[in-house]
>>> print(open('run_0.cif').read())   # mmCIF, C-alpha atoms
data_final
#
loop_
_atom_site.label_atom_id
_atom_site.label_comp_id
_atom_site.auth_asym_id
_atom_site.auth_seq_id
_atom_site.Cartn_x
_atom_site.Cartn_y
_atom_site.Cartn_z
CA MET A 1 3.76 -162.21 22.95
CA GLY A 2 5.16 -161.49 26.49
CA GLN A 3 7.18 -163.87 28.60
CA GLU A 4 5.25 -166.29 30.81
CA MET A 5 5.38 -165.19 34.46
CA SER A 6 7.42 -167.37 36.82
CA PRO A 7 5.79 -168.55 40.09
CA VAL A 8 8.47 -166.55 41.94
CA ASP A 9 7.19 -163.34 40.29
CA SER A 10 3.78 -163.80 41.91
CA LEU A 11 4.87 -164.28 45.54
CA ARG A 12 3.05 -162.25 48.19
CA THR A 13 2.76 -162.30 51.96
CA GLU A 14 -0.49 -163.75 53.38
CA ALA A 15 -2.39 -161.70 55.97
CA LYS A 16 -5.50 -163.77 56.72
CA PHE A 17 -5.19 -167.04 58.63
CA LYS A 18 -7.38 -169.52 60.47
CA LYS A 19 -6.47 -171.86 63.33
CA THR A 20 -6.35 -175.61 62.64
CA GLU A 21 -4.99 -178.76 64.28
CA ILE A 22 -1.68 -178.23 62.49
CA GLY A 23 -1.45 -174.52 63.29
CA GLU A 24 -2.49 -171.42 61.38
CA ILE A 25 -3.07 -171.71 57.64
CA PRO A 26 -4.52 -169.27 55.06
CA VAL A 27 -8.32 -168.95 55.26
CA ASP A 28 -8.80 -170.38 51.76
CA TRP A 29 -6.69 -173.49 52.43
CA LYS A 30 -8.17 -176.77 53.65
CA ILE A 31 -6.93 -179.63 55.82
CA PHE A 32 -7.19 -183.20 54.55
CA LYS A 33 -6.02 -186.48 55.96
CA LEU A 34 -3.29 -188.02 53.83
CA GLY A 35 -5.49 -191.06 53.20
CA GLU A 36 -8.21 -188.80 51.75
CA ILE A 37 -5.97 -187.33 49.05
CA ALA A 38 -3.56 -190.20 48.33
CA HIS A 39 -3.45 -193.95 47.88
CA ILE A 40 -1.29 -195.67 50.52
CA THR A 41 0.39 -199.05 49.95
CA MET A 42 2.24 -200.63 52.86
CA GLY A 43 5.27 -202.66 51.83
CA GLN A 44 5.68 -206.39 52.40
CA SER A 45 8.99 -208.19 52.20
CA PRO A 46 9.24 -210.79 49.40
CA PRO A 47 10.81 -214.26 49.85
CA SER A 48 14.57 -213.85 50.21
CA SER A 49 15.02 -216.50 47.49
CA SER A 50 13.47 -214.08 44.98
CA CYS A 51 15.95 -211.24 45.72
CA PHE A 52 19.22 -210.76 43.83
CA ASN A 53 22.27 -208.52 43.80
CA TYR A 54 22.07 -208.30 40.02
CA LYS A 55 19.35 -207.09 37.67
CA LYS A 56 16.58 -209.66 37.74
CA GLY A 57 13.00 -208.44 38.16
CA LEU A 58 12.03 -205.15 39.81
CA PRO A 59 14.27 -202.85 41.88
CA PHE A 60 13.81 -203.77 45.56
CA PHE A 61 13.80 -201.07 48.25
CA GLN A 62 13.61 -201.44 52.02
CA GLY A 63 14.23 -197.85 53.09
CA LYS A 64 17.65 -197.86 54.66
CA ALA A 65 20.95 -198.00 52.76
CA GLU A 66 19.32 -197.25 49.39
CA PHE A 67 17.79 -193.88 50.27
CA GLY A 68 19.42 -190.74 48.86
CA LYS A 69 18.43 -187.15 48.17
CA LYS A 70 15.36 -187.91 46.06
CA TYR A 71 15.68 -191.21 44.21
CA PRO A 72 17.02 -194.29 46.02
CA ARG A 73 20.01 -196.28 44.77
CA ILE A 74 19.17 -199.69 43.36
CA LEU A 75 21.16 -202.23 45.37
CA LYS A 76 18.89 -205.28 44.96
CA TRP A 77 16.29 -206.64 42.57
CA CYS A 78 13.27 -208.85 43.22
CA GLN A 79 11.58 -211.35 40.92
CA ALA A 80 8.52 -212.09 43.10
CA PRO A 81 7.32 -208.84 44.73
CA LYS A 82 4.53 -209.00 47.32
CA LYS A 83 3.86 -205.23 47.18
CA SER A 84 5.02 -202.70 44.64
CA ALA A 85 5.24 -198.96 44.02
CA GLU A 86 4.63 -197.31 40.67
CA LYS A 87 7.09 -194.91 39.04
CA GLU A 88 7.15 -191.52 40.88
CA ASP A 89 5.28 -192.89 43.92
CA ILE A 90 6.52 -191.27 47.12
CA LEU A 91 8.39 -193.77 49.30
CA ILE A 92 8.28 -193.26 53.09
CA SER A 93 10.29 -195.32 55.57
CA VAL A 94 7.83 -196.63 58.16
CA ARG A 95 10.28 -198.58 60.33
CA ALA A 96 13.40 -197.24 62.03
CA PRO A 97 14.42 -194.78 60.80
CA VAL A 98 10.91 -193.36 60.38
CA GLY A 99 10.13 -190.51 58.01
CA ASP A 100 12.90 -190.72 55.40
CA ILE A 101 11.39 -189.87 52.03
CA ASN A 102 12.39 -190.78 48.47
CA VAL A 103 10.63 -191.25 45.14
CA ALA A 104 10.38 -194.50 43.18
CA PRO A 105 12.53 -194.13 40.02
CA GLU A 106 10.48 -196.85 38.29
CA LYS A 107 8.03 -199.60 39.19
CA SER A 108 9.61 -201.23 42.25
CA CYS A 109 9.17 -203.90 44.90
CA ILE A 110 8.85 -202.42 48.42
CA GLY A 111 9.68 -204.26 51.63
CA ARG A 112 7.91 -203.89 54.96
CA GLY A 113 10.13 -200.95 55.92
CA LEU A 114 8.41 -198.75 53.33
CA ALA A 115 5.06 -197.36 52.29
CA ALA A 116 4.26 -196.01 48.83
CA ILE A 117 2.13 -192.87 48.57
CA ARG A 118 0.43 -191.95 45.30
CA ALA A 119 -1.35 -188.60 45.01
CA VAL A 120 -5.01 -188.90 43.97
CA LYS A 121 -6.51 -185.48 44.73
CA SER A 122 -3.37 -183.38 44.92
CA ASP A 123 -0.26 -182.57 42.91
CA ASN A 124 2.28 -185.37 43.40
CA GLU A 125 5.32 -183.03 43.55
CA TYR A 126 3.54 -180.84 46.13
CA LEU A 127 2.77 -183.93 48.20
CA TYR A 128 6.44 -184.96 48.05
CA TYR A 129 7.53 -181.60 49.46
CA VAL A 130 4.78 -181.37 52.07
CA LEU A 131 5.65 -184.85 53.37
CA ASN A 132 9.29 -183.78 53.63
CA TYR A 133 8.02 -180.77 55.58
CA PHE A 134 6.19 -183.10 58.01
CA LYS A 135 9.12 -185.53 58.33
CA LYS A 136 9.59 -184.65 62.02
CA GLU A 137 5.91 -185.28 62.73
CA LEU A 138 6.19 -188.75 61.19
CA ALA A 139 9.27 -189.47 63.31
CA LYS A 140 7.43 -188.34 66.47
CA ILE A 141 4.52 -190.69 65.71
CA GLY A 142 6.99 -193.56 65.26
CA GLN A 143 8.67 -192.90 68.60
CA GLY A 144 5.43 -193.63 70.42
CA SER A 145 5.71 -197.37 69.87
CA THR A 146 8.02 -199.98 71.43
CA PHE A 147 9.72 -200.49 68.08
CA GLU A 148 10.12 -197.26 66.12
CA ALA A 149 7.50 -197.64 63.38
CA ILE A 150 4.33 -196.16 61.92
CA ASN A 151 1.40 -198.07 60.42
CA LYS A 152 -1.12 -197.40 57.67
CA LYS A 153 -3.58 -195.80 60.11
CA ASP A 154 -0.86 -193.37 61.26
CA LEU A 155 -0.22 -192.38 57.66
CA PHE A 156 -3.90 -192.17 56.78
CA GLU A 157 -4.59 -189.80 59.71
CA LEU A 158 -1.69 -187.44 58.98
CA ALA A 159 -3.18 -183.95 58.53
CA ILE A 160 -1.99 -182.23 55.34
CA PRO A 161 -2.38 -178.51 54.44
CA PHE A 162 -4.24 -178.33 51.14
CA PRO A 163 -3.96 -175.16 49.00
CA PRO A 164 -5.85 -174.80 45.70
CA LEU A 165 -4.39 -177.14 43.04
CA ASN A 166 -2.82 -174.35 40.95
CA GLU A 167 -1.00 -173.09 44.06
CA GLN A 168 0.19 -176.62 44.90
CA ILE A 169 1.73 -176.85 41.44
CA SER A 170 3.40 -173.42 41.77
CA ILE A 171 4.83 -174.23 45.21
CA ALA A 172 6.25 -177.48 43.85
CA GLN A 173 7.75 -175.69 40.82
CA ILE A 174 9.65 -173.23 43.03
CA LEU A 175 11.01 -175.90 45.38
CA LYS A 176 11.86 -178.23 42.49
CA ALA A 177 13.80 -175.42 40.74
CA ILE A 178 15.93 -174.94 43.87
CA ASP A 179 16.43 -178.72 44.16
CA GLU A 180 17.64 -178.82 40.55
CA ALA A 181 20.10 -175.99 41.27
CA ILE A 182 21.35 -177.90 44.36
CA ASP A 183 21.75 -181.07 42.26
CA LYS A 184 23.79 -179.16 39.66
CA LYS A 185 26.09 -177.86 42.39
CA ARG A 186 26.40 -181.40 43.77
CA GLU A 187 27.35 -182.71 40.30
CA ILE A 188 29.99 -179.98 39.91
CA ILE A 189 31.44 -180.83 43.33
CA GLU A 190 31.55 -184.58 42.56
CA LYS A 191 33.19 -184.01 39.15
CA SER A 192 35.71 -181.67 40.75
CA LYS A 193 36.54 -184.32 43.38
CA LYS A 194 37.21 -186.93 40.68
CA ILE A 195 39.44 -184.57 38.70
CA LYS A 196 41.28 -183.57 41.88
CA LYS A 197 41.84 -187.21 42.86
CA GLY A 198 43.43 -187.99 39.49
CA LEU A 199 45.48 -184.81 39.55
CA MET A 200 46.66 -185.48 43.10
CA GLN A 201 47.80 -188.97 42.07
CA GLU A 202 49.70 -187.54 39.10
CA LEU A 203 51.32 -184.58 40.86
CA LEU A 204 52.28 -186.39 44.07
CA THR A 205 53.90 -189.35 42.29
CA ARG A 206 55.18 -187.93 38.98
CA GLY A 207 55.52 -184.22 39.74
CA ILE A 208 55.56 -181.38 37.22
CA GLY A 209 57.28 -181.74 33.84
CA HIS A 210 59.49 -184.74 34.63
CA THR A 211 60.48 -187.16 31.86
CA LYS A 212 62.88 -189.50 33.68
CA PHE A 213 61.75 -191.79 36.49
CA ARG A 214 63.18 -194.49 38.74
CA LYS A 215 61.68 -197.39 40.61
CA THR A 216 61.64 -197.21 44.42
CA GLU A 217 60.07 -199.10 47.35
CA ILE A 218 57.10 -196.69 47.16
CA GLY A 219 56.69 -196.87 43.40
CA GLU A 220 58.05 -195.00 40.40
CA ILE A 221 59.10 -191.39 41.07
CA PRO A 222 61.14 -188.73 39.20
CA VAL A 223 64.89 -189.46 39.24
CA ASP A 224 65.73 -186.28 41.18
CA TRP A 225 63.20 -186.92 43.96
CA GLU A 226 64.22 -188.49 47.25
CA VAL A 227 62.46 -191.07 49.42
CA ALA A 228 62.28 -190.12 53.10
CA LYS A 229 60.75 -191.53 56.26
CA ILE A 230 58.33 -189.19 58.00
CA GLU A 231 60.48 -189.31 61.16
CA ASN A 232 63.37 -187.77 59.18
CA VAL A 233 61.35 -184.78 57.96
CA CYS A 234 58.84 -184.26 60.82
CA ASP A 235 58.49 -184.35 64.57
CA VAL A 236 55.60 -186.67 65.47
CA HIS A 237 53.69 -185.84 68.64
CA GLY A 238 50.76 -187.55 70.33
CA GLY A 239 48.09 -185.84 72.38
CA SER A 240 46.59 -186.24 75.83
CA THR A 241 43.53 -185.40 77.91
CA PRO A 242 43.65 -183.39 81.14
CA SER A 243 41.66 -184.82 84.05
CA THR A 244 37.99 -184.06 83.53
CA ASN A 245 37.53 -183.98 87.31
CA ASN A 246 39.61 -180.82 87.68
CA LYS A 247 37.71 -177.70 86.65
CA GLU A 248 40.93 -175.68 86.62
CA TYR A 249 42.01 -177.58 83.52
CA TRP A 250 39.01 -176.74 81.35
CA ASP A 251 37.30 -173.79 79.61
CA GLY A 252 40.55 -171.94 79.13
CA SER A 253 42.06 -170.16 76.14
CA ILE A 254 43.87 -173.08 74.49
CA SER A 255 42.12 -174.88 71.64
CA TRP A 256 42.06 -178.65 72.25
CA ALA A 257 41.04 -180.89 69.34
CA ILE A 258 39.32 -184.25 69.31
CA PRO A 259 38.87 -186.34 66.13
CA THR A 260 35.28 -185.14 65.56
CA ASP A 261 36.61 -181.57 65.29
CA ILE A 262 38.45 -182.80 62.18
CA THR A 263 35.79 -185.09 60.70
CA LYS A 264 33.12 -182.38 60.81
CA LEU A 265 35.33 -179.77 59.10
CA LYS A 266 34.13 -178.53 55.72
CA GLY A 267 37.62 -177.42 54.68
CA ASN A 268 41.22 -178.42 55.37
CA VAL A 269 42.05 -175.79 58.00
CA ILE A 270 41.01 -175.98 61.65
CA ASN A 271 40.84 -172.67 63.53
CA GLU A 272 38.57 -173.55 66.45
CA THR A 273 37.62 -176.54 68.57
CA GLU A 274 34.58 -177.58 70.54
CA LYS A 275 36.58 -177.75 73.79
CA ARG A 276 39.33 -175.60 75.25
CA ILE A 277 41.82 -176.17 78.06
CA THR A 278 43.85 -173.95 80.39
CA GLU A 279 47.62 -173.57 80.73
CA LYS A 280 47.36 -175.73 83.88
CA GLY A 281 45.45 -178.37 81.92
CA LEU A 282 48.11 -178.38 79.20
CA ALA A 283 50.90 -178.75 81.76
CA SER A 284 49.05 -181.42 83.75
CA CYS A 285 48.95 -184.00 80.99
CA GLY A 286 52.25 -183.25 79.27
CA THR A 287 50.67 -182.73 75.85
CA LYS A 288 52.38 -180.38 73.39
CA LEU A 289 51.01 -177.07 72.17
CA LEU A 290 51.30 -177.46 68.41
CA PRO A 291 52.55 -174.50 66.38
CA VAL A 292 50.48 -173.01 63.57
CA GLY A 293 50.84 -175.09 60.39
CA SER A 294 51.05 -178.50 62.08
CA ILE A 295 49.25 -181.47 60.52
CA LEU A 296 46.67 -182.96 62.87
CA LEU A 297 46.25 -186.57 61.69
CA THR A 298 43.58 -188.76 63.31
CA SER A 299 45.09 -192.07 64.38
CA ARG A 300 42.38 -193.79 66.43
CA ALA A 301 38.93 -195.14 65.40
CA THR A 302 38.62 -192.71 62.48
CA ILE A 303 42.02 -193.04 60.82
CA GLY A 304 43.72 -190.82 58.29
CA GLU A 305 41.57 -187.68 58.45
CA ALA A 306 43.72 -184.58 58.58
CA ALA A 307 43.68 -180.81 58.94
CA ILE A 308 46.20 -178.01 59.39
CA ASN A 309 45.81 -175.70 62.37
CA SER A 310 45.67 -171.93 61.90
CA VAL A 311 46.05 -171.24 65.66
CA PRO A 312 48.27 -172.92 68.28
CA MET A 313 46.46 -176.06 69.39
CA ALA A 314 46.66 -179.20 71.52
CA THR A 315 44.88 -182.51 70.86
CA ASN A 316 43.67 -185.57 72.69
CA GLN A 317 45.30 -188.98 72.26
CA GLY A 318 43.38 -189.77 69.07
CA PHE A 319 46.02 -188.04 66.94
CA ALA A 320 49.50 -188.28 65.54
CA ASN A 321 50.49 -184.64 65.04
CA LEU A 322 53.19 -183.76 62.52
CA VAL A 323 55.38 -180.68 62.83
CA CYS A 324 57.30 -180.38 59.55
CA HIS A 325 61.02 -179.64 59.24
CA GLU A 326 62.38 -177.29 56.56
CA LYS A 327 62.81 -180.10 54.04
CA VAL A 328 59.06 -180.79 53.67
CA HIS A 329 56.26 -178.33 53.03
CA ASN A 330 53.33 -178.97 55.38
CA TRP A 331 50.70 -178.75 52.63
CA PHE A 332 52.64 -181.11 50.37
CA LEU A 333 52.74 -183.70 53.17
CA PHE A 334 49.07 -183.04 53.96
CA TYR A 335 48.05 -183.92 50.39
CA ARG A 336 50.37 -186.93 50.36
CA LEU A 337 48.71 -188.26 53.52
CA ARG A 338 45.31 -187.74 51.88
CA LEU A 339 46.50 -189.74 48.89
CA ILE A 340 47.62 -192.71 51.03
CA LYS A 341 44.63 -192.71 53.42
CA LYS A 342 43.79 -196.36 52.63
CA GLU A 343 47.38 -197.32 53.30
CA LEU A 344 47.17 -195.61 56.69
CA GLU A 345 43.97 -197.49 57.49
CA GLY A 346 45.74 -200.73 56.57
CA LEU A 347 48.47 -200.05 59.13
CA ALA A 348 45.93 -199.79 61.96
CA SER A 349 45.44 -202.58 64.46
CA GLY A 350 43.50 -203.30 67.66
CA SER A 351 40.43 -205.26 68.75
CA THR A 352 38.56 -202.74 70.98
CA PHE A 353 39.23 -199.90 68.54
CA ARG A 354 41.56 -199.67 65.58
CA GLU A 355 44.59 -197.42 65.95
CA ILE A 356 47.72 -196.61 63.99
CA SER A 357 50.75 -196.17 66.22
CA LYS A 358 53.03 -193.16 66.09
CA ARG A 359 55.88 -195.59 65.46
CA SER A 360 54.13 -196.83 62.29
CA ILE A 361 53.57 -193.26 61.14
CA ARG A 362 57.23 -192.36 61.71
CA GLU A 363 58.22 -195.31 59.49
CA ILE A 364 56.02 -194.26 56.53
CA LYS A 365 58.08 -193.41 53.47
CA ILE A 366 57.15 -190.47 51.25
CA PRO A 367 58.49 -189.11 47.94
CA LEU A 368 60.29 -185.80 48.39
CA PRO A 369 60.71 -183.28 45.56
CA SER A 370 62.57 -180.02 46.06
CA ILE A 371 60.79 -177.50 48.31
CA LYS A 372 60.25 -175.31 45.22
CA GLU A 373 58.38 -178.12 43.43
CA GLN A 374 56.47 -179.06 46.60
CA ILE A 375 55.15 -175.49 46.79
CA LYS A 376 54.14 -175.48 43.09
CA ILE A 377 52.26 -178.77 43.58
CA THR A 378 50.43 -177.49 46.65
CA GLU A 379 49.49 -174.25 44.88
CA ILE A 380 47.76 -176.29 42.15
CA MET A 381 45.96 -178.48 44.70
CA THR A 382 44.89 -175.40 46.68
CA ILE A 383 43.18 -173.95 43.59
CA PHE A 384 41.00 -177.06 43.40
CA ASP A 385 40.28 -176.96 47.14
CA LYS A 386 39.21 -173.31 47.01
CA GLU A 387 36.89 -173.99 44.07
CA GLN A 388 35.34 -176.96 45.90
CA GLU A 389 34.84 -174.84 49.02
CA LYS A 390 33.21 -172.12 46.91
CA GLN A 391 30.83 -174.60 45.27
CA SER A 392 30.05 -176.23 48.64
CA SER A 393 29.32 -172.82 50.16
CA GLN A 394 26.97 -171.95 47.30
CA LYS A 395 25.25 -175.33 47.69
CA GLY A 396 24.84 -174.64 51.42
CA ILE A 397 23.24 -171.25 50.69
CA LEU A 398 20.79 -172.88 48.26
CA GLU A 399 19.89 -175.55 50.83
CA LYS A 400 19.30 -172.90 53.49
CA THR A 401 17.16 -170.90 51.04
CA LYS A 402 15.12 -174.00 50.22
CA ASN A 403 14.51 -174.79 53.90
CA GLY A 404 13.36 -171.23 54.53
CA LEU A 405 11.06 -171.24 51.50
CA MET A 406 9.58 -174.61 52.45
CA GLN A 407 8.71 -173.18 55.87
CA GLU A 408 7.09 -170.09 54.34
CA LEU A 409 5.35 -171.67 51.33
CA LEU A 410 4.01 -174.82 53.03
CA SER A 411 2.62 -172.85 55.97
CA GLY A 412 0.98 -170.37 53.62
CA LYS A 413 2.80 -167.35 55.03
CA LEU A 414 4.16 -166.77 51.54
CA ARG A 415 1.61 -167.26 48.78
CA VAL A 416 2.06 -168.05 45.08
CA ILE A 417 -1.09 -166.75 43.41
#
>>> encode(input="run_0.cif", output="structure tokens")
Amino acid sequence: MGQEMSPVDSLRTEAKFKKTEIGEIPVDWKIFKLGEIAHITMGQSPPSSSCFNYKKGLPFFQGKAEFGKKYPRILKWCQAPKKSAEKEDILISVRAPVGDINVAPEKSCIGRGLAAIRAVKSDNEYLYYVLNYFKKELAKIGQGSTFEAINKKDLFELAIPFPPLNEQISIAQILKAIDEAIDKKREIIEKSKKIKKGLMQELLTRGIGHTKFRKTEIGEIPVDWEVAKIENVCDVHGGSTPSTNNKEYWDGSISWAIPTDITKLKGNVINETEKRITEKGLASCGTKLLPVGSILLTSRATIGEAAINSVPMATNQGFANLVCHEKVHNWFLFYRLRLIKKELEGLASGSTFREISKRSIREIKIPLPSIKEQIKITEIMTIFDKEQEKQSSQKGILEKTKNGLMQELLSGKLRVI
């Protein structure tokens, strides 16, 4: 008996289309209103006295903080639901933000921010993916009202492309298989992060192969390690912003970082910035051009995010930039700062926006092994970072593939028959 053919093996390009209100679709597809192929239940918030932060009654979803990739997190429970969703019902947020989509993990209470959609004349998995495909359309409908929201009539009238049932099932199988692969990558990345966190704690406080330790003001460390203030092993520089009114200062050749350049990084190295300044701009505000290998540490609003520059770079005033002396390896200090991020946040102050001063950073004490051991520690940490970057890159490729396939499969340009 031969192997059963996968839906992917039967993909072909469609050539015959017809025009509809949602654009061109294959000639053998139909268009139905969502309300004609699914049962729609609009949520209604239960009495607050019936809701709990511990397990008592049904999971309670409102469509904001709980929503995740597919199944929402259970943050509250409800003992007296007004409206409920059945297990595997599709949950759509109908109040700001409009169009976020999840699936009920079990029978659940739904508040007024949600609607539950249950397929009646279509495949439920297909409907989940097609509603994700039309997420932008749902958001556009919601923007038409004073308060961003959509009602039952809006949902009922939503036009849905409707392939034959066997094709719906095949489309869903392909997209679900990619989702499962993405989830596996996500699990690997999360496990790797947990292992790395524990390893970082061990290596940066107890080192490699030590058996004798001593107590210090920053905790127990190996007896042959030192304790040093950052100001004794680094130069700490702030940043500045050239006048935005002078065009001669901007769009030059010098990379100029702002905190969002760091927070949006996928790795630990920064090699380009959104904005650039000129030599005149650099000179005008007295900011320093940081050498390659400096640690750019965010010190304002978002505190404790860090990256190492691979090209000479200047920053705005939202940073404390560390240029390491010979006694400390830049990557060792980088990982140490990552380890004490919460401590850095605790040192911040300010009412308008929170900020950690350069003086406070200079006073921070760090454990200091020999340079040789610092390098060994950073080599181990770098292995984990490279593996995480590899897994994240592969996850990104899968997500891009899924988005492309959704576009092709749910428009009928690529057929599974």
>>> residues_around(input="run_0.cif", residues="stretch 341-348 of chain A", least_positions_apart="2", cutoff="9 Å", atoms="only C-alpha atoms", output="PyMOL selection string")
chain A and resi 299-300+302-305+336-339+350+354-357+360-361+364
>>> closest_residue(input="run_0.cif", among="A:Ile37, A:Ala85, A:Leu11, A:Val236", to="A:Leu165", atoms="only C-alpha atoms")
A:Ile37
>>> resolve_selection(input="run_0.cif", expression="the PyMOL selection byres ((chain A and resi 388) around 12)", output="count of residues only")
29
>>> residues_around(input="run_0.cif", residues="A:His237", least_positions_apart="5", cutoff="10 Å", atoms="only C-alpha atoms", output="VMD selection string")
chain A and resid 287 to 290 296 315 317 319 to 323 358
>>> resolve_selection(input="run_0.cif", expression="the PyMOL selection byres ((chain A and resi 275-282) around 8)", output="ChimeraX atom specification")
/A:242-243,248-257,273-274,283-289,314
>>> residues_near_point(input="run_0.cif", point="(41.2, -185.0, 63.8)", cutoff="8 Å", atoms="only C-alpha atoms", output="PDB file with C-alpha atoms, in the frame of the given file")
ATOM      1  CA  ALA A 257      41.040-180.890  69.340  1.00  0.00           C
ATOM      2  CA  ILE A 258      39.320-184.250  69.310  1.00  0.00           C
ATOM      3  CA  PRO A 259      38.870-186.340  66.130  1.00  0.00           C
ATOM      4  CA  THR A 260      35.280-185.140  65.560  1.00  0.00           C
ATOM      5  CA  ASP A 261      36.610-181.570  65.290  1.00  0.00           C
ATOM      6  CA  ILE A 262      38.450-182.800  62.180  1.00  0.00           C
ATOM      7  CA  THR A 263      35.790-185.090  60.700  1.00  0.00           C
ATOM      8  CA  LEU A 296      46.670-182.960  62.870  1.00  0.00           C
ATOM      9  CA  LEU A 297      46.250-186.570  61.690  1.00  0.00           C
ATOM     10  CA  THR A 298      43.580-188.760  63.310  1.00  0.00           C
ATOM     11  CA  GLU A 305      41.570-187.680  58.450  1.00  0.00           C
ATOM     12  CA  ALA A 306      43.720-184.580  58.580  1.00  0.00           C
ATOM     13  CA  ALA A 307      43.680-180.810  58.940  1.00  0.00           C
ATOM     14  CA  GLY A 318      43.380-189.770  69.070  1.00  0.00           C
ATOM     15  CA  PHE A 319      46.020-188.040  66.940  1.00  0.00           C
TER      16      PHE A 319
END
>>> axis_aligned_box(input="run_0.cif", around="stretch 334-342 of chain A", padding_each_side="3 Å", output="AutoDock Vina command-line options")
--center_x 47.1 --center_y -189.7 --center_z 51.4 --size_x 12.6 --size_y 19.3 --size_z 11.1
>>> atom_distance(input="run_0.cif", atom1="atom CA of A:Ala172", atom2="atom CA of A:Ala139")
23.1 Å
>>> residues_around(input="run_0.cif", residues="A:His210", least_positions_apart="5", cutoff="10 Å", atoms="only C-alpha atoms", output="list in words")
Ile221, Pro222, Val223 and Asp224 of chain A
>>> write_last_selection(input="run_0.cif", atoms="C-alpha atoms", output="PDB file, keeping the file's coordinate frame")
ATOM      1  CA  ILE A 221      59.100-191.390  41.070  1.00  0.00           C
ATOM      2  CA  PRO A 222      61.140-188.730  39.200  1.00  0.00           C
ATOM      3  CA  VAL A 223      64.890-189.460  39.240  1.00  0.00           C
ATOM      4  CA  ASP A 224      65.730-186.280  41.180  1.00  0.00           C
TER       5      ASP A 224
END
>>> closest_residue(input="run_0.cif", among="A:Glu106, A:Asn316, A:Val269, A:Val98", to="A:Phe147", atoms="all atoms listed in the file")
A:Val98
>>> residues_around(input="run_0.cif", residues="stretch 133-137 of chain A", least_positions_apart="6", cutoff="8 Å", atoms="all atoms listed in the file", output="list of chain:residue names")
A:Gly99, A:Asp100, A:Ile101, A:Met406, A:Gln407, A:Leu410
>>> closest_residue(input="run_0.cif", among="A:Glu157, A:Pro81, A:Glu88, A:Asn124", to="A:Gln173", atoms="only C-alpha atoms")
A:Asn124
>>> resolve_selection(input="run_0.cif", expression="the PyMOL selection byres ((chain A and resi 377) around 9)", output="ChimeraX atom specification")
/A:200,203-204,207-208,332,372-376,378-382
>>> closest_residue(input="run_0.cif", among="A:Lys247, A:Leu158, A:Tyr126, A:Pro291", to="A:Ile174", atoms="only C-alpha atoms")
A:Tyr126
>>> residues_around(input="run_0.cif", residues="A:Leu127", least_positions_apart="4", cutoff="9 Å", atoms="only C-alpha atoms", output="list in words")
Ala38, Ile90, Ile117, Arg118, Ala119, Ser122, Asp123, Leu131, Asn132, Ile160, Gln168 and Ala172 of chain A
>>> closest_residue(input="run_0.cif", among="A:Ile92, A:Val311, A:Ile230, A:Ile178", to="A:Ile40", atoms="all atoms listed in the file")
A:Ile92
>>> closest_residue(input="run_0.cif", among="A:Gly43, A:Pro72, A:Pro59, A:Pro312", to="A:Arg95", atoms="only C-alpha atoms")
A:Gly43
>>> atom_distance(input="run_0.cif", atom1="atom CA of A:Glu202", atom2="atom CA of A:Ile295")
22.3 Å
>>> build_atoms(input="run_0.cif", residues="stretch 314-324 of chain A", atoms="N, CA and C atoms", output="tab-separated table (two decimals), keeping the file's coordinate frame")
chain	number	residue	atom	x	y	z
A	314	ALA	N	46.31	-177.90	70.97
A	314	ALA	CA	46.66	-179.20	71.52
A	314	ALA	C	45.59	-180.20	71.07
A	315	THR	N	45.86	-181.49	71.25
A	315	THR	CA	44.88	-182.51	70.86
A	315	THR	C	44.78	-183.58	71.94
A	316	ASN	N	43.74	-184.39	71.82
A	316	ASN	CA	43.67	-185.57	72.69
A	316	ASN	C	44.52	-186.69	72.10
A	317	GLN	N	44.42	-187.88	72.66
A	317	GLN	CA	45.30	-188.98	72.26
A	317	GLN	C	44.87	-189.68	70.98
A	318	GLY	N	43.84	-189.17	70.32
A	318	GLY	CA	43.38	-189.77	69.07
A	318	GLY	C	44.10	-189.24	67.84
A	319	PHE	N	45.29	-188.65	68.05
A	319	PHE	CA	46.02	-188.04	66.94
A	319	PHE	C	47.49	-188.44	66.92
A	320	ALA	N	48.05	-188.37	65.71
A	320	ALA	CA	49.50	-188.28	65.54
A	320	ALA	C	49.71	-186.93	64.86
A	321	ASN	N	50.35	-186.00	65.54
A	321	ASN	CA	50.49	-184.64	65.04
A	321	ASN	C	51.87	-184.42	64.46
A	322	LEU	N	51.94	-183.89	63.25
A	322	LEU	CA	53.19	-183.76	62.52
A	322	LEU	C	53.61	-182.30	62.44
A	323	VAL	N	54.79	-182.01	62.94
A	323	VAL	CA	55.38	-180.68	62.83
A	323	VAL	C	56.53	-180.80	61.83
A	324	CYS	N	56.37	-180.17	60.67
A	324	CYS	CA	57.30	-180.38	59.55
A	324	CYS	C	58.62	-179.62	59.73
